[in-house]
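The next block is query_18.csv, given as CSV, C-alpha atoms and all ligand atoms.
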chain,number,residue,atom,x,y,z
A,1,MET,CA,-11.3,-26.9,24.4
A,2,ASP,CA,-11.0,-28.7,21.1
A,3,ALA,CA,-8.7,-31.8,21.6
A,4,SER,CA,-6.6,-32.8,18.5
A,5,LYS,CA,-3.3,-34.2,17.7
A,6,ARG,CA,-1.0,-33.5,14.8
A,7,ARG,CA,2.4,-34.8,13.7
A,8,ALA,CA,5.3,-32.7,12.4
A,9,GLY,CA,4.8,-31.8,8.8
A,10,GLU,CA,1.1,-31.6,8.9
A,11,ARG,CA,-0.4,-28.2,8.0
A,12,ALA,CA,-0.4,-25.7,10.9
A,13,GLU,CA,-3.8,-24.5,12.1
A,14,THR,CA,-4.2,-20.8,12.8
A,15,GLN,CA,-5.2,-21.3,16.5
A,16,PRO,CA,-2.0,-21.8,18.6
A,17,LEU,CA,-1.4,-25.2,20.0
A,18,ASP,CA,-1.6,-25.8,23.7
A,19,VAL,CA,1.3,-28.2,23.9
A,20,LEU,CA,4.0,-29.5,21.5
A,21,ILE,CA,5.9,-32.6,22.7
A,22,ILE,CA,9.3,-33.3,21.2
A,23,ASP,CA,10.7,-36.7,22.1
A,24,ASP,CA,12.2,-39.6,20.2
A,25,GLU,CA,10.4,-42.2,22.3
A,26,GLU,CA,7.2,-43.2,20.5
A,27,ASN,CA,5.6,-44.7,23.7
A,28,PHE,CA,6.3,-41.6,25.7
A,29,LEU,CA,4.8,-39.3,22.9
A,30,GLU,CA,1.7,-41.5,22.8
A,31,ALA,CA,1.2,-41.6,26.6
A,32,CYS,CA,1.7,-37.9,27.1
A,33,SER,CA,-0.5,-37.0,24.2
A,34,GLN,CA,-3.3,-39.1,25.5
A,35,THR,CA,-3.1,-37.7,29.0
A,36,LEU,CA,-3.1,-34.1,27.7
A,37,GLN,CA,-5.8,-34.6,25.1
A,38,THR,CA,-8.0,-36.3,27.8
A,39,GLY,CA,-7.3,-33.1,29.8
A,40,GLY,CA,-8.8,-31.1,26.9
A,41,TYR,CA,-5.6,-29.7,25.4
A,42,ARG,CA,-4.6,-29.3,21.7
A,43,VAL,CA,-1.5,-31.4,21.3
A,44,ALA,CA,1.1,-32.0,18.5
A,45,THR,CA,4.2,-34.2,18.6
A,46,ALA,CA,7.6,-34.3,16.9
A,47,LYS,CA,10.2,-37.1,17.0
A,48,ASN,CA,13.3,-34.9,16.9
A,49,GLY,CA,14.6,-31.4,17.4
A,50,THR,CA,14.5,-30.3,13.7
A,51,GLU,CA,10.9,-31.4,13.2
A,52,GLY,CA,10.0,-29.9,16.5
A,53,LEU,CA,11.5,-26.5,15.7
A,54,LYS,CA,9.7,-26.5,12.4
A,55,LEU,CA,6.4,-27.3,14.0
A,56,ALA,CA,6.9,-24.8,16.7
A,57,GLY,CA,7.6,-22.1,14.0
A,58,GLU,CA,4.3,-23.0,12.3
A,59,SER,CA,2.0,-23.6,15.2
A,60,HIS,CA,3.3,-21.3,18.0
A,61,PRO,CA,2.6,-23.7,20.9
A,62,ASN,CA,2.1,-22.2,24.3
A,63,VAL,CA,4.0,-25.0,26.1
A,64,VAL,CA,6.8,-27.2,24.7
A,65,LEU,CA,7.7,-30.4,26.4
A,66,LEU,CA,11.2,-31.5,25.1
A,67,ASP,CA,13.5,-34.4,25.8
A,68,LEU,CA,17.2,-33.7,26.5
A,69,LYS,CA,18.6,-36.7,24.8
A,70,MET,CA,17.5,-37.2,21.2
A,71,PRO,CA,19.4,-38.2,18.0
A,72,GLY,CA,20.5,-35.2,16.0
A,73,MET,CA,19.9,-31.9,17.7
A,74,SER,CA,20.4,-32.1,21.4
A,75,GLY,CA,17.6,-31.0,23.8
A,76,LEU,CA,19.8,-28.1,25.1
A,77,ASP,CA,20.5,-26.8,21.6
A,78,LEU,CA,16.8,-27.1,20.8
A,79,LEU,CA,15.9,-25.3,24.0
A,80,GLY,CA,18.3,-22.4,23.1
A,81,GLN,CA,16.9,-22.0,19.6
A,82,LEU,CA,13.3,-22.3,20.8
A,83,THR,CA,13.5,-19.6,23.3
A,84,LYS,CA,15.0,-17.3,20.7
A,85,THR,CA,12.5,-18.0,17.9
A,86,ASP,CA,9.3,-18.0,20.0
A,87,PRO,CA,9.9,-16.1,23.3
A,88,SER,CA,6.3,-16.6,24.4
A,89,ALA,CA,6.5,-20.4,24.3
A,90,VAL,CA,7.1,-22.0,27.7
A,91,PRO,CA,9.6,-24.8,27.5
A,92,VAL,CA,9.5,-27.7,29.9
A,93,VAL,CA,12.4,-30.3,29.9
A,94,VAL,CA,11.4,-33.9,30.3
A,95,THR,CA,14.2,-36.4,30.7
A,96,GLY,CA,15.0,-39.9,31.9
A,97,HIS,CA,18.7,-38.9,32.5
A,98,GLY,CA,18.4,-35.8,34.6
A,99,THR,CA,21.4,-34.5,36.5
A,100,VAL,CA,21.8,-31.4,38.6
A,101,ASP,CA,24.1,-29.9,36.0
A,102,SER,CA,21.6,-30.5,33.1
A,103,ALA,CA,18.8,-29.1,35.2
A,104,VAL,CA,20.8,-25.9,36.0
A,105,GLU,CA,21.8,-25.6,32.3
A,106,SER,CA,18.2,-26.0,31.2
A,107,MET,CA,17.0,-23.4,33.6
A,108,LYS,CA,19.7,-21.0,32.4
A,109,LEU,CA,18.5,-21.5,28.8
A,110,GLY,CA,15.0,-20.6,29.8
A,111,ALA,CA,13.3,-23.9,30.8
A,112,PHE,CA,10.3,-23.3,33.0
A,113,ASP,CA,10.4,-26.7,34.7
A,114,PHE,CA,12.4,-29.9,34.6
A,115,LEU,CA,10.5,-33.2,34.9
A,116,THR,CA,12.3,-36.5,35.4
A,117,LYS,CA,10.8,-39.5,33.7
A,118,PRO,CA,8.7,-41.4,34.7
A,119,PHE,CA,6.2,-39.0,36.2
A,120,GLU,CA,2.5,-39.3,37.1
A,121,PRO,CA,-0.1,-37.9,34.6
A,122,GLU,CA,-1.3,-35.5,37.3
A,123,LYS,CA,2.2,-34.1,37.6
A,124,LEU,CA,2.2,-33.5,33.8
A,125,LEU,CA,-1.2,-31.9,33.8
A,126,GLU,CA,-0.3,-29.6,36.6
A,127,THR,CA,3.0,-28.5,35.0
A,128,VAL,CA,1.2,-27.8,31.7
A,129,ARG,CA,-1.5,-25.9,33.4
A,130,ARG,CA,1.1,-23.6,35.1
A,131,GLY,CA,3.0,-23.4,31.8
A,132,LEU,CA,-0.1,-22.2,30.0
A,133,SER,CA,-0.7,-19.5,32.7
A,134,LEU,CA,2.9,-18.3,32.3
A,135,SER,CA,2.6,-18.3,28.5
A,136,ALA,CA,-0.6,-16.2,28.7
A,137,LEU,CA,1.3,-13.7,31.0
A,138,LYS,CA,4.2,-13.6,28.5
A,139,LYS,CA,1.9,-12.8,25.6
A,140,GLU,CA,0.2,-10.1,27.6
A,141,ALA,CA,3.6,-8.5,28.4
A,142,GLN,CA,4.6,-8.7,24.7
A,143,ALA,CA,1.3,-7.0,23.6
A,144,ALA,CA,1.9,-4.3,26.2
A,145,GLY,CA,5.5,-3.9,24.9
A,146,ALA,CA,4.2,-3.5,21.3
A,147,ALA,CA,1.6,-0.9,22.4
A,148,GLU,CA,4.3,1.0,24.2
A,149,GLU,CA,6.5,1.0,21.2
A,150,GLN,CA,3.7,2.3,19.1
A,151,ARG,CA,3.1,5.1,21.6
A,152,HIS,CA,6.8,6.1,21.3
A,153,ASP,CA,6.5,5.9,17.5
A,154,LYS,CA,3.6,8.4,17.6
A,155,TYR,CA,5.7,10.9,19.7
A,156,ASP,CA,8.7,10.5,17.4
A,157,LEU,CA,6.4,11.3,14.5
A,158,LEU,CA,5.1,14.4,16.2
A,159,LEU,CA,8.7,15.6,16.5
A,160,GLN,CA,9.2,15.1,12.8
A,161,GLY,CA,5.9,16.9,12.2
A,162,LEU,CA,7.1,19.9,14.2
A,163,ASP,CA,10.3,19.9,12.0
A,164,VAL,CA,8.2,19.9,8.9
A,165,LEU,CA,5.9,22.6,10.2
A,166,GLY,CA,8.8,24.8,11.2
A,167,GLU,CA,10.3,24.4,7.7
A,168,ALA,CA,6.9,25.2,6.1
A,169,TYR,CA,6.7,28.5,8.1
A,170,SER,CA,10.2,29.4,7.1
A,171,LEU,CA,9.2,28.9,3.4
A,172,GLY,CA,6.3,31.2,4.0
A,173,LEU,CA,3.8,28.4,3.8
A,174,GLU,CA,0.8,28.4,6.2
A,175,LYS,CA,-0.2,25.3,8.0
A,176,ARG,CA,-3.5,25.3,6.2
A,177,GLN,CA,-1.8,25.4,2.8
A,178,LEU,CA,0.6,22.6,3.8
A,179,LEU,CA,-2.4,20.4,4.9
A,180,ASP,CA,-4.3,21.2,1.7
A,181,GLU,CA,-1.3,20.1,-0.4
A,182,LEU,CA,-0.9,16.9,1.6
A,183,ALA,CA,-4.7,16.2,1.3
A,184,TYR,CA,-4.5,16.7,-2.4
A,185,LEU,CA,-1.6,14.3,-2.8
A,186,GLU,CA,-3.4,11.8,-0.6
A,187,SER,CA,-6.5,12.0,-2.9
A,188,GLU,CA,-4.2,11.6,-5.9
A,189,ALA,CA,-2.7,8.5,-4.3
A,190,ARG,CA,-6.2,7.0,-4.0
A,191,TYR,CA,-7.2,8.0,-7.5
A,192,HIS,CA,-3.9,6.5,-8.9
A,193,ALA,CA,-4.5,3.2,-7.1
A,194,GLU,CA,-8.1,3.1,-8.4
A,195,SER,CA,-7.1,4.0,-11.9
A,196,LEU,CA,-4.8,0.9,-11.9
A,197,GLY,CA,-7.6,-1.2,-10.5
A,198,GLN,CA,-5.7,-1.8,-7.3
A,199,ILE,CA,-6.9,-2.0,-3.7
A,200,LYS,CA,-4.3,-0.6,-1.4
A,201,LYS,CA,-4.2,0.4,2.2
A,202,LYS,CA,-4.0,4.2,2.6
A,203,GLU,CA,-0.5,4.1,3.9
A,204,ARG,CA,0.7,1.9,1.0
A,205,ALA,CA,-0.9,4.1,-1.6
A,206,ILE,CA,0.7,7.2,-0.2
A,207,LEU,CA,4.1,5.6,0.1
A,208,ASP,CA,3.8,4.3,-3.5
A,209,ILE,CA,3.1,7.8,-5.0
A,210,ARG,CA,5.8,9.3,-2.7
A,211,ASN,CA,8.3,6.9,-4.3
A,212,GLU,CA,7.1,7.7,-7.8
A,213,LEU,CA,7.3,11.5,-7.1
A,214,ARG,CA,10.9,11.0,-5.9
A,215,GLU,CA,11.7,9.1,-9.1
A,216,ALA,CA,10.1,12.0,-11.1
A,217,ASP,CA,12.3,14.4,-9.1
A,218,ALA,CA,15.4,12.3,-9.9
A,219,ILE,CA,14.6,12.6,-13.6
A,220,MET,CA,14.0,16.3,-13.5
A,221,LYS,CA,17.2,16.7,-11.5
A,222,LYS,CA,19.1,15.1,-14.4
A,223,TYR,CA,18.0,18.1,-16.5
A,224,ASP,CA,18.7,20.6,-13.7
A,225,PHE,CA,14.9,21.3,-13.4
A,226,GLN,CA,15.1,23.2,-16.7
A,227,LYS,CA,11.7,24.1,-18.2
A,228,ASN,CA,13.0,23.6,-21.7
A,229,ALA,CA,13.8,19.9,-20.9
A,230,LEU,CA,10.1,19.2,-20.5
A,231,ILE,CA,9.8,16.8,-23.5
A,232,GLN,CA,12.9,14.9,-22.5
A,233,VAL,CA,11.6,14.7,-18.9
A,234,LEU,CA,8.2,13.3,-20.2
A,235,LEU,CA,10.0,10.8,-22.4
A,236,ASP,CA,12.0,9.6,-19.4
A,237,ILE,CA,8.8,9.4,-17.3
A,238,GLN,CA,7.1,7.5,-20.1
A,239,GLU,CA,10.0,5.0,-20.3
A,240,LYS,CA,10.1,4.6,-16.6
A,241,PHE,CA,6.4,4.2,-15.9
A,242,ARG,CA,5.2,3.2,-19.4
A,243,TRP,CA,2.7,6.0,-19.2
A,244,LEU,CA,2.3,9.5,-17.8
A,245,PRO,CA,0.3,9.3,-14.6
A,246,ARG,CA,-1.8,12.3,-13.6
A,247,HIS,CA,-0.1,12.9,-10.2
A,248,ILE,CA,3.3,13.0,-11.9
A,249,LEU,CA,2.3,15.5,-14.5
A,250,SER,CA,0.8,17.7,-11.8
A,251,TRP,CA,4.1,17.4,-9.8
A,252,ILE,CA,6.2,18.3,-12.9
A,253,SER,CA,3.9,21.3,-13.4
A,254,GLY,CA,4.6,22.6,-9.9
A,255,ARG,CA,8.3,21.7,-9.9
A,256,LEU,CA,9.1,23.3,-13.3
A,257,ASN,CA,6.5,26.0,-13.0
A,258,ILE,CA,4.8,25.1,-16.3
A,259,PRO,CA,1.0,25.4,-16.5
A,260,LEU,CA,-0.5,21.9,-16.4
A,261,ARG,CA,-2.6,22.5,-19.6
A,262,GLU,CA,0.7,23.1,-21.5
A,263,ILE,CA,2.0,19.8,-20.3
A,264,TYR,CA,-1.2,18.1,-21.4
A,265,VAL,CA,-1.0,19.7,-24.9
A,266,ILE,CA,2.4,18.1,-25.4
A,267,ALA,CA,1.4,14.8,-23.8
A,268,ASN,CA,-1.6,14.6,-26.2
A,269,PHE,CA,0.3,15.7,-29.3
A,270,TYR,CA,3.1,13.1,-29.4
A,271,GLU,CA,2.3,9.5,-30.1
A,272,ALA,CA,5.2,8.4,-27.9
A,273,PHE,CA,3.2,9.4,-24.8
A,274,SER,CA,0.3,7.6,-23.2
A,275,LEU,CA,-2.0,9.1,-20.7
A,276,GLU,CA,-3.4,5.6,-19.9
A,277,PRO,CA,-1.6,2.8,-18.0
A,278,ARG,CA,0.1,0.5,-20.4
A,279,GLY,CA,1.1,-3.2,-20.1
A,280,ARG,CA,4.6,-4.4,-19.7
A,281,HIS,CA,4.1,-6.2,-23.1
A,282,THR,CA,2.6,-4.6,-26.2
A,283,ILE,CA,0.6,-6.7,-28.7
A,284,GLN,CA,0.0,-5.1,-32.0
A,285,VAL,CA,-2.4,-6.5,-34.6
A,286,CYS,CA,-1.8,-5.0,-38.0
A,287,THR,CA,-5.0,-3.9,-39.7
A,288,GLY,CA,-3.2,-2.4,-42.7
A,289,THR,CA,-4.5,-3.1,-46.2
A,290,ALA,CA,-2.5,-6.3,-46.9
A,291,CYS,CA,-3.3,-7.7,-43.5
A,292,HIS,CA,-7.0,-6.6,-43.7
A,293,VAL,CA,-7.6,-8.5,-47.0
A,294,ARG,CA,-6.0,-11.6,-45.5
A,295,GLY,CA,-8.2,-11.8,-42.5
A,296,ALA,CA,-6.7,-9.3,-39.9
A,297,SER,CA,-10.2,-8.9,-38.3
A,298,GLU,CA,-10.4,-12.6,-37.4
A,299,THR,CA,-6.8,-12.4,-36.1
A,300,LEU,CA,-7.8,-9.5,-33.9
A,301,THR,CA,-10.8,-11.3,-32.6
A,302,ARG,CA,-8.6,-14.3,-31.7
A,303,VAL,CA,-6.0,-12.2,-30.0
A,304,SER,CA,-8.6,-10.3,-28.1
A,305,ALA,CA,-10.3,-13.5,-26.9
A,306,VAL,CA,-7.0,-14.9,-25.6
A,307,LEU,CA,-6.1,-11.7,-23.7
A,308,GLY,CA,-9.6,-11.0,-22.5
A,309,ILE,CA,-9.3,-7.3,-23.6
A,310,GLU,CA,-10.3,-5.2,-26.6
A,311,ALA,CA,-8.0,-3.3,-28.9
A,312,GLY,CA,-6.9,-0.1,-27.1
A,313,GLN,CA,-7.1,-1.7,-23.7
A,314,THR,CA,-4.6,-2.9,-21.0
A,315,ASP,CA,-5.4,-5.8,-18.8
A,316,SER,CA,-6.1,-5.1,-15.1
A,317,ARG,CA,-2.6,-6.4,-14.0
A,318,GLN,CA,-0.9,-4.1,-16.5
A,319,GLN,CA,0.7,-7.0,-18.2
A,320,PHE,CA,-0.5,-6.6,-21.8
A,321,THR,CA,-1.7,-3.8,-24.0
A,322,LEU,CA,-3.5,-4.7,-27.1
A,323,GLU,CA,-3.5,-2.2,-30.0
A,324,THR,CA,-4.1,-2.1,-33.8
A,325,VAL,CA,-1.6,-0.5,-36.2
A,326,HIS,CA,-1.6,0.3,-39.9
A,327,CYS,CA,1.2,-1.6,-41.5
A,328,ILE,CA,4.2,-2.6,-39.5
A,329,GLY,CA,6.3,-3.1,-42.6
A,330,CYS,CA,6.2,-6.9,-43.1
A,331,CYS,CA,3.2,-7.3,-45.4
A,332,ALA,CA,4.7,-10.5,-46.8
A,333,LEU,CA,3.7,-12.1,-43.5
A,334,ALA,CA,0.1,-10.7,-43.5
A,335,PRO,CA,-1.9,-11.0,-41.4
A,336,VAL,CA,0.7,-10.2,-38.9
A,337,VAL,CA,0.8,-9.8,-35.1
A,338,GLN,CA,3.7,-8.2,-33.3
A,339,ILE,CA,4.3,-9.2,-29.6
A,340,ASP,CA,7.0,-6.9,-28.2
A,341,SER,CA,9.8,-7.2,-30.8
A,342,GLN,CA,8.7,-10.5,-32.3
A,343,TYR,CA,6.5,-11.0,-35.4
A,344,TYR,CA,4.0,-13.8,-35.9
A,345,ARG,CA,2.2,-14.7,-39.1
A,346,ASP,CA,-1.5,-15.2,-38.4
A,347,PRO,CA,-0.8,-17.0,-35.0
A,348,SER,CA,-3.3,-19.7,-34.0
A,349,ARG,CA,-5.1,-19.6,-30.7
A,350,SER,CA,-2.8,-22.2,-29.2
A,351,LYS,CA,0.3,-20.4,-30.5
A,352,LEU,CA,-0.9,-17.2,-28.9
A,353,GLU,CA,-1.7,-18.9,-25.6
A,354,LYS,CA,1.8,-20.5,-25.6
A,355,VAL,CA,3.5,-17.1,-26.2
A,356,ILE,CA,1.4,-15.3,-23.5
A,357,LYS,CA,2.1,-18.1,-21.0
A,358,SER,CA,5.8,-17.9,-21.6
A,359,LEU,CA,5.8,-14.1,-21.1
A,360,GLU,CA,3.9,-14.6,-17.9
A,361,LYS,CA,6.3,-17.2,-16.7
A,362,GLU,CA,9.3,-15.0,-17.5
A,363,GLU,CA,7.7,-12.2,-15.4
A,364,ALA,CA,7.0,-14.5,-12.5
A,365,GLN,CA,10.7,-15.7,-12.6
A,366,ALA,CA,11.9,-12.1,-12.7
A,367,CYS,CA,9.8,-11.3,-9.6
A,368,LEU,CA,11.3,-14.3,-7.7
A,369,ALA,CA,14.9,-13.4,-8.8
B,401,LIG,S1,-0.4,-4.2,-43.9
B,401,LIG,FE1,0.1,-5.4,-42.3
B,401,LIG,S2,2.2,-5.5,-42.3
B,401,LIG,FE2,1.7,-4.2,-43.9
Will you turn the file into structure tokens for me?
Ligand code: FES
Amino acid sequence: MDASKRRAGERAETQPLDVLIIDDEENFLEACSQTLQTGGYRVATAKNGTEGLKLAGESHPNVVLLDLKMPGMSGLDLLGQLTKTDPSAVPVVVTGHGTVDSAVESMKLGAFDFLTKPFEPEKLLETVRRGLSLSALKKEAQAAGAAEEQRHDKYDLLLQGLDVLGEAYSLGLEKRQLLDELAYLESEARYHAESLGQIKKKERAILDIRNELREADAIMKKYDFQKNALIQVLLDIQEKFRWLPRHILSWISGRLNIPLREIYVIANFYEAFSLEPRGRHTIQVCTGTACHVRGASETLTRVSAVLGIEAGQTDSRQQFTLETVHCIGCCALAPVVQIDSQYYRDPSRSKLEKVIKSLEKEEAQACLA
């Protein structure tokens, strides 16, 4: 076994610790650590309950030796919290002031053993060995419990499946048709994730498009699922998703009973619609006559280099879409770049980088809010 020792606050390793010792006596920590490390155990120490709890949360020790009398959080409080946060950890109380009452209280709170200081190294090693065996048994029991829960989940799911199958039959839908439709939606979920350049687990991709289809339903419901509200529905979808994803168009086609090709004719006709994913921010470089003669092509090259995409493209994180336009009505500023609703007169590379960085920062803050 790899013997090592860490203090509270050091980065937790992925492999669980064998023993965490929580005690305010420096000499005791040192002596116990040495004994246990010599015995081949991975050990960490903490000098009070707060540090100890933090380290236990990070390192998931199998056995925790803890003192009853420490400044700040008492050993009994620590014991109570520890058994709640990590039920597979085996706590052992070590104290120089043991009483029958404190021993009984400790056992009630889940202590596995109660050692009175001073004790022989052999006693410590023997207690830790038994504690580790108990911890292994607890972990096995937890794993078995989780497997059992999963087994029940499967049977609950089968019951839901029977409900769905029953409803399908009552709608005149055969099981094969239902499975084909589901398989189609699953393939659309995969296609959608790929078209966004995202790698998702199957279940995540399916849940994501299910949520999007529900949002599309909510929009159609606003218009009472009326066929003649198609353009308004598409405008709302465009606003919501910033583009018209294929699976949503196909869903609308089915829901409103409008041939898909008719929907594509409309989606292709109006400039307001995009059949490609668009970024959350639009950057337009004007290439109209006034801008062109004042160097719009150099401006476009600069913007493209800063964003790492060409005109007409969206970056892989769907943050920015770069496009060219013909006159945005402020020729006096030529050559001009519009970033969302702001206009910039021939922005330098550093100006562009600053604006892009601040937009990225705003987004990161919005995600954290
Ligand atoms: S030509 Fe660029 S703003 Fe008019």
Write out as a PyMOL selection string each polymer residue whose atoms come within 7 Å of Asp23 in chain A, counting all atoms listed in the file; drop sequence neighbours fewer than 5 positions from it.
chain A and resi 29+46-48+66-67+70
re CA of Gln81 in chain A and CA of Val64 in chain A: distance 12.5 Å
| request: For Glu360 in chain A, work out the shell of residues within 9 Å, counting only C-alpha atoms and skipping chain neighbours fewer than 5 positions away, then give it as a list in words. | output: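 Contacts, in chain order: Gln319, Val355 and Gln365 of chain A.
The two atoms in question, CA of Tyr223 in chain A and CA of Leu171 in chain A, are spaced 24.3 Å apart.
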Exercise for review: Pick out the residues no farther than 10 Å from ligand LIG 401 (chain B), counting only C-alpha atoms and all ligand atoms, and list them as a list of chain:residue names.
Suggested key: A:Val285, A:Cys286, A:Thr287, A:Gly288, A:Thr289, A:Ala290, A:Cys291, A:His292, A:Val293, A:Arg294, A:Ala296, A:Val325, A:His326, A:Cys327, A:Ile328, A:Gly329, A:Cys330, A:Cys331, A:Ala332, A:Leu333, A:Ala334, A:Pro335, A:Val336, A:Val337, A:Gln338, A:Tyr343, A:Arg345
If I take CA of Leu158 in chain A and CA of Ala189 in chain A, how far is one from the other in Å, to one decimal?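 About the pair CA of Leu158 in chain A and CA of Ala189 in chain A: they are 22.7 Å apart.
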Do you know which residues are at most 10 Å from Leu79 in chain A counting only C-alpha atoms, after dropping those on the same chain fewer than 3 positions away, and could you put them as a compact mmCIF listing (two decimals) with C-alpha atoms, keeping the file's coordinate frame?
# COMPACT_ATOMS: atom_id res chain seq x y z
CA GLY A 49 14.60 -31.40 17.40
CA LEU A 53 11.50 -26.50 15.70
CA VAL A 64 6.80 -27.20 24.70
CA LEU A 65 7.70 -30.40 26.40
CA LEU A 66 11.20 -31.50 25.10
CA ASP A 67 13.50 -34.40 25.80
CA LEU A 68 17.20 -33.70 26.50
CA MET A 73 19.90 -31.90 17.70
CA SER A 74 20.40 -32.10 21.40
CA GLY A 75 17.60 -31.00 23.80
CA LEU A 76 19.80 -28.10 25.10
CA LEU A 82 13.30 -22.30 20.80
CA THR A 83 13.50 -19.60 23.30
CA LYS A 84 15.00 -17.30 20.70
CA PRO A 91 9.60 -24.80 27.50
CA VAL A 92 9.50 -27.70 29.90
CA VAL A 93 12.40 -30.30 29.90
CA SER A 106 18.20 -26.00 31.20
CA MET A 107 17.00 -23.40 33.60
CA LEU A 109 18.50 -21.50 28.80
CA GLY A 110 15.00 -20.60 29.80
CA ALA A 111 13.30 -23.90 30.80
Item to complete: Name the residues in contact with range 140-144 of chain A at a cut-off of 12 Å, using only C-alpha atoms, excluding same-chain residues fewer than 5 positions from it; report them as a PyMOL selection string.
Response: chain A and resi 86-89+133-135+149-151
Any chance you could export the current selection's C-alpha atoms as a PDB file, in the coordinates of the input?
ATOM      1  CA  ASP A  86       9.300 -18.000  20.000  1.00  0.00           C
ATOM      2  CA  PRO A  87       9.900 -16.100  23.300  1.00  0.00           C
ATOM      3  CA  SER A  88       6.300 -16.600  24.400  1.00  0.00           C
ATOM      4  CA  ALA A  89       6.500 -20.400  24.300  1.00  0.00           C
ATOM      5  CA  SER A 133      -0.700 -19.500  32.700  1.00  0.00           C
ATOM      6  CA  LEU A 134       2.900 -18.300  32.300  1.00  0.00           C
ATOM      7  CA  SER A 135       2.600 -18.300  28.500  1.00  0.00           C
ATOM      8  CA  GLU A 149       6.500   1.000  21.200  1.00  0.00           C
ATOM      9  CA  GLN A 150       3.700   2.300  19.100  1.00  0.00           C
ATOM     10  CA  ARG A 151       3.100   5.100  21.600  1.00  0.00           C
TER      11      ARG A 151
END
Shell around Tyr264 in chain A at 12 Å using only C-alpha atoms, local window under 5 positions removed, as a list in words
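Skipping anything fewer than 5 positions along the chain leaves Leu230, Ile231, Leu234, Leu244, Pro245, Arg246, Ile248, Leu249, Ser250, Ile252, Ser253, Ile258, Pro259, Phe269, Tyr270, Phe273, Ser274 and Leu275 of chain A.
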### Message
I need every residue sitting at most 10 Å from the point (-0.4, -34.7, 21.6) (coordinates as in the file, all atoms listed in the file considered), written as a PyMOL selection string.
### Response
chain A and resi 3-7+17-22+29-38+41-46
Check your understanding: Which is closer to Glu239 in chain A than all the others in A:Arg261, A:Glu51, A:Trp251, A:Ala272, using only C-alpha atoms?
Key ->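 Counting only C-alpha atoms, the residue closest to Glu239 in chain A is A:Ala272.
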